[in-house]
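Comments concern the structure below.
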Amino acid sequence: MTHSKPADELSFEQLKELVLTALEDFKAIDIQSIDVSDQNPLTELFVIASGNSTRHVKSMAENLVMRAKAAGCPPLGVEGQRQADWVLVDLNDVIVHLMLPQARAFYNLEKLWQVSSEQRSSVSQQA
C-alpha cells in the first residue's frame, strides 16, 4: 500500500503474523488469508475465520483488538460486535472477518473474491 507508516508501526508481514497468531491462540476455525492487493485499493489482505458461537467470535475480536493496540497498531474500526455473528476488524492493510459458520457460508467471501480475481484475470488476458 502507499500509506506512510511511523517507524514504530508494524510492517505488513508483522501485522499479518500478529493477526494469524491471535486467531490461532483463540482457537479460530478455518482461518483463510486472501491476498486482495491487486483487487482492492483499500487493503492488502483479508483474513476470514469462524468461531463456534457469538461469544467466541466476540472474544476473538476483542483479543485481536487488544493485541493490535498493544503492538502500536490500533484498528481503524470494528463493526458488528453487538450481534457478533460477523465482526469486521479493520487494521488498514489487513481486514479481518470473524464469522459464525452459517454467516460465513451465506456470504461466502472466499468464493466471492476468488471469482472476482478470476474474472479480472480473464479480462486482462483478453486485452
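Simple scheme: letters A, B, ... for chains in C-alpha cells order, numbers from 1 for residues in each chain, numbers from 1 for ligands in the order shown.
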Surrounding residues of Ser33 of chain A excluding itself and chain neighbours under 4 positions, 12 Å, only C-alpha atoms, as a list in words: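 Selected residues are Lys16, Glu17, Val19, Leu20, Leu23, Ser37, Glu44, Leu45, Phe46, Val47, Ile48, Ala49, Val94, Ile95, Val96, His97, Leu109, Glu110, Trp113 and Gln114 of chain A.
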Produce a file of the selected residues containing C-alpha atoms, as an mmCIF file, in the first residue's frame.
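Printed below is out.cif as written:
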```cif
data_model
loop_
_atom_site.group_PDB
_atom_site.id
_atom_site.type_symbol
_atom_site.label_atom_id
_atom_site.label_comp_id
_atom_site.auth_asym_id
_atom_site.auth_seq_id
_atom_site.Cartn_x
_atom_site.Cartn_y
_atom_site.Cartn_z
ATOM 1 C CA LYS A 16 -0.249 -10.431 9.274
ATOM 2 C CA GLU A 17 1.631 -12.633 11.741
ATOM 3 C CA VAL A 19 -3.450 -11.437 13.267
ATOM 4 C CA LEU A 20 -2.869 -15.108 12.460
ATOM 5 C CA LEU A 23 -6.689 -16.080 15.873
ATOM 6 C CA SER A 37 -3.850 -6.264 -3.132
ATOM 7 C CA GLU A 44 -3.757 -5.805 1.058
ATOM 8 C CA LEU A 45 -5.203 -8.862 2.769
ATOM 9 C CA PHE A 46 -8.490 -10.288 4.004
ATOM 10 C CA VAL A 47 -8.324 -12.809 6.810
ATOM 11 C CA ILE A 48 -11.512 -14.814 7.320
ATOM 12 C CA ALA A 49 -12.104 -17.119 10.274
ATOM 13 C CA VAL A 94 -5.308 -6.355 6.901
ATOM 14 C CA ILE A 95 -9.077 -6.596 7.253
ATOM 15 C CA VAL A 96 -10.262 -9.435 9.463
ATOM 16 C CA HIS A 97 -13.694 -11.038 9.105
ATOM 17 C CA LEU A 109 -16.454 -14.227 0.889
ATOM 18 C CA GLU A 110 -13.738 -16.656 -0.168
ATOM 19 C CA TRP A 113 -13.044 -12.803 -4.037
ATOM 20 C CA GLN A 114 -11.831 -15.879 -5.928
#
```
Separation of atom CA of Glu9 of chain A from atom CA of Leu98 of chain A in Å: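 Taking atom CA of Leu98 of chain A and atom CA of Glu9 of chain A, their separation equals 23.7 Å.
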Shell around Ala28 of chain A at 10 Å using only C-alpha atoms, local window under 3 positions removed, as number ranges by chain: A: 20-25, 31, 48-52, 56-57, 60, 98-99
Selected residue, from A:Asn40, A:Gln32, A:Gln102, A:Gln81, that lies nearest to Val65 of chain A when counting only C-alpha atoms: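 Closest residue, counting only C-alpha atoms: A:Gln81.
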Between atom CA of Cys73 of chain A and atom CA of Asp38 of chain A - distance in Å to one decimal: 23.3 Å
DSSP-assigned strand (DSSP E or B) members of segment 14-102 of chain A, reported as a PyMOL selection string: chain A and resi 29-35+45-50+77-79+86-90+94-99
Please produce a file of the residues just selected, as a tab-separated table (two decimals), in the first residue's frame, where the atoms kept are N, CA, C and O atoms.
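As a result, selection_27.tsv now contains:
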```
chain	number	residue	atom	x	y	z
A	29	ILE	N	-11.57	-21.10	13.81
A	29	ILE	CA	-11.82	-22.24	12.94
A	29	ILE	C	-11.63	-21.84	11.48
A	29	ILE	O	-12.13	-20.79	11.06
A	30	ASP	N	-10.92	-22.67	10.72
A	30	ASP	CA	-10.75	-22.49	9.27
A	30	ASP	C	-10.29	-21.08	8.91
A	30	ASP	O	-10.97	-20.33	8.21
A	31	ILE	N	-9.10	-20.73	9.35
A	31	ILE	CA	-8.52	-19.42	9.06
A	31	ILE	C	-8.05	-19.39	7.60
A	31	ILE	O	-7.28	-20.25	7.18
A	32	GLN	N	-8.53	-18.41	6.85
A	32	GLN	CA	-8.16	-18.25	5.44
A	32	GLN	C	-7.60	-16.84	5.23
A	32	GLN	O	-8.16	-15.87	5.72
A	33	SER	N	-6.50	-16.74	4.49
A	33	SER	CA	-5.93	-15.45	4.11
A	33	SER	C	-6.11	-15.29	2.61
A	33	SER	O	-5.77	-16.19	1.85
A	34	ILE	N	-6.62	-14.14	2.20
A	34	ILE	CA	-6.86	-13.88	0.78
A	34	ILE	C	-6.14	-12.58	0.40
A	34	ILE	O	-6.46	-11.51	0.93
A	35	ASP	N	-5.19	-12.69	-0.50
A	35	ASP	CA	-4.47	-11.52	-1.00
A	35	ASP	C	-5.39	-10.76	-1.94
A	35	ASP	O	-5.78	-11.28	-2.98
A	45	LEU	N	-4.89	-7.49	2.41
A	45	LEU	CA	-5.20	-8.86	2.77
A	45	LEU	C	-6.52	-8.94	3.53
A	45	LEU	O	-6.79	-8.10	4.41
A	46	PHE	N	-7.33	-9.91	3.19
A	46	PHE	CA	-8.49	-10.29	4.00
A	46	PHE	C	-8.12	-11.55	4.76
A	46	PHE	O	-7.56	-12.49	4.16
A	47	VAL	N	-8.44	-11.58	6.03
A	47	VAL	CA	-8.32	-12.81	6.81
A	47	VAL	C	-9.74	-13.14	7.26
A	47	VAL	O	-10.44	-12.30	7.81
A	48	ILE	N	-10.16	-14.37	6.99
A	48	ILE	CA	-11.51	-14.81	7.32
A	48	ILE	C	-11.38	-16.03	8.23
A	48	ILE	O	-10.61	-16.95	7.95
A	49	ALA	N	-12.13	-16.00	9.34
A	49	ALA	CA	-12.10	-17.12	10.27
A	49	ALA	C	-13.48	-17.26	10.90
A	49	ALA	O	-14.25	-16.31	10.96
A	50	SER	N	-13.75	-18.46	11.40
A	50	SER	CA	-15.03	-18.72	12.05
A	50	SER	C	-14.83	-18.96	13.54
A	50	SER	O	-13.76	-19.39	13.97
A	77	GLY	N	-11.29	0.61	12.70
A	77	GLY	CA	-12.68	0.42	13.05
A	77	GLY	C	-12.98	-1.03	13.36
A	77	GLY	O	-12.27	-1.92	12.93
A	78	VAL	N	-14.03	-1.22	14.14
A	78	VAL	CA	-14.53	-2.55	14.46
A	78	VAL	C	-16.04	-2.49	14.31
A	78	VAL	O	-16.68	-1.63	14.89
A	79	GLU	N	-16.59	-3.38	13.51
A	79	GLU	CA	-18.03	-3.40	13.25
A	79	GLU	C	-18.62	-4.75	13.60
A	79	GLU	O	-17.98	-5.78	13.40
A	86	TRP	N	-20.98	-11.64	12.71
A	86	TRP	CA	-19.93	-11.26	11.78
A	86	TRP	C	-19.29	-9.99	12.33
A	86	TRP	O	-19.91	-8.94	12.38
A	87	VAL	N	-18.05	-10.11	12.77
A	87	VAL	CA	-17.32	-8.95	13.28
A	87	VAL	C	-16.19	-8.65	12.31
A	87	VAL	O	-15.43	-9.55	11.93
A	88	LEU	N	-16.11	-7.40	11.90
A	88	LEU	CA	-15.05	-6.95	10.99
A	88	LEU	C	-14.09	-6.08	11.79
A	88	LEU	O	-14.52	-5.14	12.45
A	89	VAL	N	-12.81	-6.41	11.73
A	89	VAL	CA	-11.77	-5.62	12.38
A	89	VAL	C	-10.88	-5.06	11.27
A	89	VAL	O	-10.22	-5.81	10.56
A	90	ASP	N	-10.89	-3.73	11.13
A	90	ASP	CA	-10.13	-3.06	10.07
A	90	ASP	C	-8.78	-2.61	10.62
A	90	ASP	O	-8.70	-1.66	11.40
A	94	VAL	N	-4.70	-5.04	6.68
A	94	VAL	CA	-5.31	-6.35	6.90
A	94	VAL	C	-6.71	-6.13	7.45
A	94	VAL	O	-6.88	-5.45	8.46
A	95	ILE	N	-7.70	-6.66	6.77
A	95	ILE	CA	-9.08	-6.60	7.25
A	95	ILE	C	-9.48	-8.00	7.65
A	95	ILE	O	-9.36	-8.95	6.87
A	96	VAL	N	-9.95	-8.12	8.90
A	96	VAL	CA	-10.26	-9.44	9.46
A	96	VAL	C	-11.77	-9.59	9.57
A	96	VAL	O	-12.46	-8.72	10.12
A	97	HIS	N	-12.28	-10.69	9.03
A	97	HIS	CA	-13.69	-11.04	9.10
A	97	HIS	C	-13.82	-12.24	10.02
A	97	HIS	O	-13.32	-13.32	9.70
A	98	LEU	N	-14.49	-12.07	11.16
A	98	LEU	CA	-14.72	-13.17	12.10
A	98	LEU	C	-16.21	-13.47	12.05
A	98	LEU	O	-17.03	-12.59	12.32
A	99	MET	N	-16.56	-14.72	11.71
A	99	MET	CA	-17.95	-15.03	11.41
A	99	MET	C	-18.39	-16.34	12.04
A	99	MET	O	-17.58	-17.25	12.22
```
Among the residues A:Thr54, A:Asn108, A:Gln39, A:Ser59, the one that comes closest to Ala84 of chain A [using only C-alpha atoms]: A:Thr54
Sel. of alpha helix (DSSP H) residues, chain A, as an MDAnalysis selection string: chainID A and resid 12:25 54:70 101:107 109:126
